[in-house]
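J.: You'll find target.cif just under this line, and it carries mmCIF, C-alpha atoms.
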data_query
loop_
_atom_site.label_atom_id
_atom_site.label_comp_id
_atom_site.auth_asym_id
_atom_site.auth_seq_id
_atom_site.Cartn_x
_atom_site.Cartn_y
_atom_site.Cartn_z
CA MET A 27 -17.36 6.09 -16.94
CA HIS A 28 -17.44 9.90 -16.82
CA LYS A 29 -18.87 9.81 -13.29
CA TYR A 30 -15.80 7.94 -12.06
CA PHE A 31 -13.44 10.52 -13.54
CA LYS A 32 -15.37 13.23 -11.68
CA LEU A 33 -14.21 11.52 -8.50
CA TYR A 34 -10.66 12.72 -9.09
CA SER A 35 -11.51 16.40 -8.68
CA VAL A 36 -13.74 15.59 -5.69
CA ALA A 37 -10.97 13.53 -4.07
CA PHE A 38 -8.43 16.34 -4.52
CA ARG A 39 -10.75 18.87 -2.89
CA GLN A 40 -11.49 16.54 0.03
CA GLU A 41 -7.80 15.92 0.69
CA PHE A 42 -7.12 19.65 0.94
CA ALA A 43 -10.25 20.21 3.00
CA TYR A 44 -8.47 18.38 5.82
CA ARG A 45 -5.05 19.93 5.41
CA ALA A 46 -3.87 19.01 8.91
CA ASN A 47 -4.52 15.30 8.32
CA PHE A 48 -2.86 15.44 4.92
CA LEU A 49 0.25 17.22 6.19
CA THR A 50 0.44 14.95 9.24
CA SER A 51 0.48 11.85 7.04
CA ARG A 52 3.22 13.34 4.86
CA PHE A 53 5.28 14.33 7.92
CA ARG A 54 4.89 10.82 9.37
CA ASN A 55 6.29 9.32 6.18
CA LEU A 56 9.24 11.73 6.19
CA PHE A 57 9.97 11.04 9.85
CA GLN A 58 9.91 7.30 9.26
CA ILE A 59 12.31 7.62 6.31
CA PHE A 60 14.73 9.66 8.46
CA LEU A 61 14.66 7.07 11.23
CA VAL A 62 15.21 4.11 8.93
CA PHE A 63 17.87 5.99 6.95
CA TYR A 64 20.00 6.74 9.99
CA LEU A 65 19.44 3.23 11.37
CA TRP A 66 20.86 1.58 8.26
CA SER A 67 23.55 4.24 7.86
CA SER A 68 24.83 3.35 11.31
CA VAL A 69 24.75 -0.36 10.45
CA PHE A 70 26.73 0.15 7.25
CA SER A 71 29.25 2.40 8.92
CA GLN A 72 30.84 -0.81 10.18
CA GLU A 73 29.58 -3.47 7.77
CA GLN A 74 30.29 -3.44 4.03
CA ASP A 75 27.67 -6.09 3.29
CA PHE A 76 24.64 -6.97 5.38
CA PHE A 77 22.04 -9.64 4.47
CA GLY A 78 23.07 -9.35 0.82
CA TYR A 79 22.75 -5.54 0.71
CA ASP A 80 25.51 -3.05 0.19
CA ARG A 81 25.18 0.57 1.32
CA ALA A 82 23.80 1.83 -2.02
CA ARG A 83 21.14 -0.87 -2.25
CA ILE A 84 19.90 -0.63 1.34
CA LEU A 85 19.59 3.15 1.12
CA THR A 86 17.86 2.81 -2.24
CA TYR A 87 15.47 0.43 -0.48
CA VAL A 88 14.82 3.05 2.22
CA PHE A 89 14.14 5.82 -0.28
CA GLY A 90 12.19 3.45 -2.52
CA ILE A 91 9.79 2.93 0.37
CA LEU A 92 8.88 6.64 0.18
CA ILE A 93 7.64 6.30 -3.41
CA VAL A 94 6.31 2.73 -3.42
CA ARG A 95 4.55 3.23 -0.10
CA THR A 96 2.74 6.26 -1.51
CA LEU A 97 1.57 4.30 -4.57
CA VAL A 98 0.51 1.20 -2.68
CA LEU A 99 -0.40 1.98 0.94
CA THR A 100 -2.03 5.39 0.53
CA THR A 101 -5.79 4.85 0.67
CA ARG A 102 -9.15 6.39 1.47
CA ALA A 103 -10.99 3.05 1.34
CA THR A 104 -10.65 2.93 5.12
CA GLU A 105 -13.74 5.16 5.10
CA VAL A 106 -15.87 2.28 3.80
CA ALA A 107 -16.27 1.02 7.38
CA GLY A 108 -17.57 4.38 8.58
CA GLU A 109 -20.07 4.67 5.74
CA ILE A 110 -21.50 1.24 6.53
CA ALA A 111 -21.63 1.91 10.28
CA ARG A 112 -23.38 5.28 9.78
CA GLY A 113 -25.80 3.95 7.18
CA ASP A 114 -24.39 6.22 4.46
CA LEU A 115 -23.96 3.20 2.22
CA THR A 116 -27.64 3.60 1.33
CA ASN A 117 -26.77 6.71 -0.69
CA TYR A 118 -24.73 4.56 -3.07
CA LEU A 119 -27.08 1.59 -3.29
CA VAL A 120 -29.78 3.74 -4.86
CA LYS A 121 -27.45 5.26 -7.46
CA PRO A 122 -26.14 3.80 -10.75
CA ILE A 123 -22.61 3.44 -9.44
CA ASN A 124 -20.42 0.46 -8.66
CA TYR A 125 -19.30 0.78 -5.05
CA PHE A 126 -16.09 -1.20 -5.64
CA TYR A 127 -15.03 0.94 -8.62
CA TYR A 128 -16.07 4.11 -6.82
CA TRP A 129 -13.62 3.57 -3.96
CA PHE A 130 -10.91 2.19 -6.20
CA ASN A 131 -11.01 5.35 -8.32
CA ARG A 132 -10.95 7.50 -5.19
CA ASP A 133 -7.90 5.57 -4.04
CA ILE A 134 -6.12 6.12 -7.37
CA ALA A 135 -6.87 9.85 -7.22
CA VAL A 136 -5.49 10.12 -3.68
CA LYS A 137 -2.40 8.09 -4.60
CA PHE A 138 -1.70 10.44 -7.51
CA LEU A 139 -1.94 13.49 -5.26
CA HIS A 140 0.34 11.99 -2.61
CA LEU A 141 2.77 10.86 -5.31
CA ILE A 142 3.27 14.47 -6.37
CA PHE A 143 4.17 15.45 -2.81
CA SER A 144 6.37 12.34 -2.43
CA PHE A 145 8.37 13.38 -5.47
CA PHE A 146 9.24 16.75 -3.93
CA GLU A 147 9.91 15.14 -0.54
CA PHE A 148 12.24 12.72 -2.30
CA LEU A 149 14.19 15.60 -3.84
CA ILE A 150 14.43 17.40 -0.49
CA LEU A 151 15.63 14.30 1.34
CA PHE A 152 18.08 13.50 -1.42
CA TYR A 153 19.52 17.02 -1.24
CA ILE A 154 19.83 16.89 2.57
CA LEU A 155 21.10 13.32 3.00
CA ARG A 156 22.95 12.79 -0.32
CA PRO A 157 22.68 8.98 -0.15
CA PRO A 158 24.44 6.67 -2.63
CA PHE A 159 21.83 5.28 -5.00
CA PHE A 160 21.51 2.14 -7.07
CA ILE A 161 20.13 3.03 -10.53
CA GLN A 162 18.39 0.17 -12.32
CA THR A 163 18.87 0.08 -16.10
CA ASP A 164 17.74 -3.47 -16.91
CA PRO A 165 14.44 -3.19 -18.89
CA VAL A 166 13.25 -6.58 -17.59
CA ALA A 167 13.67 -5.44 -13.99
CA ILE A 168 11.97 -2.10 -14.69
CA ILE A 169 8.98 -3.77 -16.37
CA GLY A 170 8.78 -6.32 -13.56
CA PHE A 171 8.92 -3.48 -11.02
CA LEU A 172 6.01 -1.64 -12.68
CA LEU A 173 3.96 -4.85 -12.95
CA SER A 174 4.55 -5.63 -9.29
CA LEU A 175 3.42 -2.11 -8.36
CA ILE A 176 0.09 -2.63 -10.12
CA ILE A 177 -0.38 -5.96 -8.34
CA GLY A 178 0.48 -4.35 -4.98
CA ILE A 179 -1.99 -1.50 -5.50
CA VAL A 180 -4.86 -3.88 -6.30
CA LEU A 181 -3.98 -6.26 -3.45
CA PHE A 182 -3.89 -3.54 -0.82
CA TYR A 183 -7.16 -2.03 -2.01
CA MET A 184 -8.88 -5.40 -1.66
CA ILE A 185 -7.40 -6.01 1.79
CA VAL A 186 -8.58 -2.60 3.02
CA PHE A 187 -12.01 -2.98 1.42
CA ILE A 188 -12.59 -6.39 3.01
CA ALA A 189 -11.56 -5.02 6.42
CA GLY A 190 -14.04 -2.18 5.86
CA LEU A 191 -16.94 -4.63 5.58
CA VAL A 192 -16.70 -5.69 9.23
CA PRO A 193 -19.32 -3.08 10.36
CA PHE A 194 -22.03 -5.06 8.57
CA TRP A 195 -21.88 -7.33 11.63
CA ALA A 196 -19.87 -5.42 14.24
CA PRO A 197 -19.95 -1.61 13.74
CA GLU A 198 -18.05 -0.94 16.94
CA ALA A 199 -15.15 -3.23 15.97
CA SER A 200 -14.34 -1.65 12.60
CA TRP A 201 -11.62 0.72 13.81
CA GLY A 202 -9.80 -1.99 15.77
CA VAL A 203 -9.80 -4.42 12.84
CA GLN A 204 -8.47 -1.80 10.45
CA PHE A 205 -5.78 -0.65 12.86
CA VAL A 206 -4.47 -4.17 13.49
CA LEU A 207 -4.66 -5.32 9.86
CA ILE A 208 -3.54 -2.17 8.06
CA PHE A 209 -1.30 -0.27 10.44
CA VAL A 210 0.30 -3.20 12.27
CA VAL A 211 0.23 -6.42 10.22
CA THR A 212 0.56 -4.78 6.80
CA GLU A 213 3.29 -2.33 7.86
CA PHE A 214 5.33 -5.10 9.45
CA LEU A 215 4.89 -7.86 6.85
CA SER A 216 5.04 -5.72 3.71
CA GLY A 217 8.63 -4.61 4.27
CA ALA A 218 7.76 -1.00 5.09
CA LEU A 219 9.96 -1.02 8.20
CA PHE A 220 12.85 -3.22 7.04
CA PRO A 221 13.70 -5.69 4.25
CA LEU A 222 11.90 -8.95 4.92
CA ASP A 223 14.83 -11.11 3.89
CA ILE A 224 16.54 -10.39 7.20
CA PHE A 225 14.14 -13.03 8.53
CA PRO A 226 15.28 -16.67 8.52
CA ARG A 227 14.69 -18.49 5.24
CA GLN A 228 11.89 -20.64 6.71
CA ILE A 229 9.88 -17.57 7.70
CA MET A 230 10.46 -15.96 4.29
CA ASP A 231 9.18 -19.11 2.57
CA ILE A 232 5.97 -18.87 4.59
CA LEU A 233 5.57 -15.13 4.00
CA SER A 234 6.02 -15.59 0.24
CA PHE A 235 2.68 -17.41 0.14
CA THR A 236 0.85 -14.50 1.77
CA PRO A 237 -0.14 -11.29 -0.07
CA PHE A 238 1.83 -8.93 2.20
CA PRO A 239 5.38 -9.12 0.74
CA TYR A 240 3.98 -8.29 -2.71
CA LEU A 241 2.85 -4.86 -1.51
CA LEU A 242 6.27 -3.24 -0.97
CA PHE A 243 9.08 -5.75 -0.51
CA TYR A 244 8.93 -7.54 -3.87
CA PRO A 245 8.59 -4.41 -6.03
CA ILE A 246 11.66 -2.83 -4.44
CA LYS A 247 13.65 -6.08 -4.55
CA ILE A 248 12.87 -6.35 -8.26
CA TYR A 249 14.07 -2.78 -8.82
CA LEU A 250 17.28 -3.56 -6.95
CA GLY A 251 17.95 -6.43 -9.34
CA GLN A 252 17.86 -9.02 -6.56
CA ILE A 253 15.03 -10.99 -8.14
CA GLY A 254 15.56 -12.57 -11.57
CA LEU A 255 13.08 -13.22 -14.35
CA PHE A 256 11.86 -16.50 -12.82
CA GLY A 257 11.32 -14.80 -9.47
CA ILE A 258 9.48 -11.93 -11.14
CA LEU A 259 7.13 -14.34 -12.93
CA LYS A 260 6.62 -16.41 -9.78
CA GLY A 261 5.86 -13.31 -7.71
CA ALA A 262 3.44 -12.02 -10.36
CA LEU A 263 1.68 -15.40 -10.41
CA VAL A 264 1.31 -15.56 -6.63
CA GLY A 265 0.16 -11.93 -6.51
CA PHE A 266 -2.39 -12.51 -9.27
CA LEU A 267 -3.70 -15.63 -7.52
CA TRP A 268 -4.17 -13.58 -4.37
CA ILE A 269 -6.08 -10.97 -6.37
CA LEU A 270 -8.46 -13.69 -7.57
CA ILE A 271 -8.83 -15.13 -4.06
CA LEU A 272 -9.43 -11.74 -2.42
CA ASN A 273 -11.81 -10.67 -5.18
CA PHE A 274 -13.89 -13.84 -4.67
CA PHE A 275 -13.85 -13.40 -0.89
CA MET A 276 -14.66 -9.69 -1.14
CA LYS A 277 -17.73 -10.30 -3.27
CA LYS A 278 -18.94 -13.11 -1.00
CA VAL A 279 -18.55 -10.98 2.14
CA TRP A 280 -20.20 -8.02 0.38
CA ALA A 281 -23.19 -10.12 -0.68
CA ALA A 282 -23.56 -11.53 2.84
CA GLY A 283 -23.22 -8.06 4.35
CA ILE A 284 -25.87 -6.52 2.10
CA ARG A 285 -28.33 -9.20 3.24
CA VAL A 286 -27.93 -8.11 6.89
CA TYR A 287 -27.49 -4.36 6.23
CA ARG A 288 -30.13 -2.29 8.07
CA ALA A 289 -28.79 1.27 7.67
CA GLU A 290 -29.07 1.76 11.41
CA GLY A 291 -27.22 5.05 11.35
CA ARG A 292 -29.77 6.70 9.07
#
Take the structure from the file and write it as structure tokens.

T.:
Amino acid sequence: MHKYFKLYSVAFRQEFAYRANFLTSRFRNLFQIFLVFYLWSSVFSQEQDFFGYDRARILTYVFGILIVRTLVLTTRATEVAGEIARGDLTNYLVKPINYFYYWFNRDIAVKFLHLIFSFFEFLILFYILRPPFFIQTDPVAIIGFLLSLIIGIVLFYMIVFIAGLVPFWAPEASWGVQFVLIFVVTEFLSGALFPLDIFPRQIMDILSFTPFPYLLFYPIKIYLGQIGLFGILKGALVGFLWILILNFFMKKVWAAGIRVYRAEGR
């Protein structure tokens, strides 16, 4: 177990070794928050209630994205694809280390580092924009929010890890698969750009059976008090079922990939 804790210090050093990439990712998040903030501010300048949101709740949603996104969507597991394509995976196969746990711990370390920066960014944005906030005090909603965050973190890690296994069969396609799945599909369907319940009810019913809304949308909705106890339990059940499904699929794809792995980059 000690070897996994060592990853935290290594992950911190690696993040700061590429300062430009780190700062660019933080700036991108800030820029996105500014855009979405002013978009919804303009909407609520004329409307008092929009899709069941008042001004305080929609702006809390926007700022909540800054924190929840950092905890859930920040990842380094995208590098799995590159390690497989280059043949660097061999370095791990000959060591007494679990490759799944290795990358999960690296992800947690990176999330913690980005969370620190997100906290200060949150304070800066709050000071500049002075938005009205909805403060949740219901312990059931707070516990449900924290539980949904854990589910979202695990779900996203598994989605990214599975996408990273594509180079076992198609090394040249790994970047395209990750870009479409992570930076297009996930961003759009997780609620990172806008609340998903602006979609028609039929589309929301379909999306609720996919893992994507449980990454960002459901945690923030729970915090806003717009999902009751039954909805919290239902969301946790669906999210947990997806964890089991993705875990089974991940192990099957991994086992199949190892059988065809040739370390061609080495």

J.: Leaving out range 146-158 of chain A and any residue of its chain fewer than 5 positions from it, which residues lie within 9 Å of it when counting all atoms listed in the file, given as an mmCIF file with C-alpha atoms, in the coordinates of the input?

T.:
data_model
loop_
_atom_site.group_PDB
_atom_site.id
_atom_site.type_symbol
_atom_site.label_atom_id
_atom_site.label_comp_id
_atom_site.auth_asym_id
_atom_site.auth_seq_id
_atom_site.Cartn_x
_atom_site.Cartn_y
_atom_site.Cartn_z
ATOM 1 C CA ARG A 52 3.220 13.340 4.860
ATOM 2 C CA LEU A 56 9.240 11.730 6.190
ATOM 3 C CA ILE A 59 12.310 7.620 6.310
ATOM 4 C CA PHE A 60 14.730 9.660 8.460
ATOM 5 C CA PHE A 63 17.870 5.990 6.950
ATOM 6 C CA ARG A 81 25.180 0.570 1.320
ATOM 7 C CA ALA A 82 23.800 1.830 -2.020
ATOM 8 C CA ARG A 83 21.140 -0.870 -2.250
ATOM 9 C CA LEU A 85 19.590 3.150 1.120
ATOM 10 C CA THR A 86 17.860 2.810 -2.240
ATOM 11 C CA PHE A 89 14.140 5.820 -0.280
ATOM 12 C CA LEU A 92 8.880 6.640 0.180
ATOM 13 C CA ILE A 93 7.640 6.300 -3.410
ATOM 14 C CA LEU A 141 2.770 10.860 -5.310
#

J.: Leaving out Ala111 in chain A and any residue of its chain fewer than 3 positions from it, which residues lie within 6 Å of it when counting only C-alpha atoms, given as a PyMOL selection string?

T.: chain A and resi 108+193+197

J.: Looking at A:Ala107, A:Leu222, A:Val264, A:Met184, which one is nearest to Thr236 in chain A, with distances taken over all atoms listed in the file?

T.: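 Comparing A:Ala107, A:Leu222, A:Val264, A:Met184 against Thr236 in chain A, the winner is A:Val264.
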
J.: Could you work out how far CA of Thr212 in chain A lies from CA of Leu175 in chain A, giving the answer in Å with one decimal?

T.: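 Spanning CA of Leu175 in chain A to CA of Thr212 in chain A is a straight-line distance of 15.7 Å.
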
J.: Report as JSON, numbers by chain all protein, DNA and RNA residues lying within 12 Å of Pro239 in chain A, evaluated on all atoms listed in the file, omitting residues in the same chain fewer than 2 positions from it.

T.: {"A": [98, 174, 175, 177, 178, 181, 182, 211, 212, 213, 214, 215, 216, 217, 218, 219, 220, 221, 222, 223, 229, 230, 231, 232, 233, 234, 235, 236, 237, 241, 242, 243, 244, 245, 246, 247, 261, 262, 264, 265, 268]}

J.: A:Val69, A:Ala189, A:Ile169, A:Ile161: which is nearest Leu272 in chain A, counting all atoms listed in the file?

T.: A:Ala189

J.: For CA of Trp129 in chain A and CA of Val94 in chain A, determine how far apart the two atoms are, in Å to one decimal place.

T.: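 Computing it gives 20.0 Å between the two atoms.
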
J.: Taking all atoms of range 133-142 of chain A that the file lists, what box with edges along x, y and z, padded by 4 Å per side, do you get, with centre and edge lengths in Å to one decimal, as JSON?

T.:
{"center_x": -2.3, "center_y": 10.0, "center_z": -5.1, "size_x": 19.2, "size_y": 16.9, "size_z": 12.9}

J.: Here is a test: counting all atoms listed in the file, which residue of A:Lys137, A:Arg285, A:Lys121, A:Arg102 is nearest to Val186 in chain A?

T.: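 Nearest to Val186 in chain A: A:Arg102.
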
J.: Of the candidates A:Phe275, A:Ser144, A:Val166, A:Trp280, which shows the shortest atom-to-atom distance to Arg54 in chain A, using all atoms listed in the file?

T.: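 Under the stated criterion, the closest residue is A:Ser144.
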
J.: Separation of CA of Leu250 in chain A and CA of Pro226 in chain A, in Å?

T.: 20.4 Å

J.: Using all atoms listed in the file, pick whichever of A:Gln162, A:Thr101, A:Asn273, A:Asn117 has the shortest atom-to-atom distance to Phe138 in chain A.

T.: A:Thr101

J.: If the PyMOL selection byres ((chain A and resi 194) around 7) is run on the structure shown, which residues does it catch, given as a list in words?

T.: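 On the file shown, the PyMOL selection byres ((chain A and resi 194) around 7) covers Ile110, Leu191, Val192, Pro193, Trp195, Ala196, Pro197, Gly283, Val286 and Tyr287 of chain A.
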
J.: Hey, which of A:Val106, A:Ile134, A:Ile271, A:Val279 ends up closest to Gln204 in chain A? Count all atoms listed in the file.

T.: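 Closest to Gln204 in chain A of all the choices is A:Val106.
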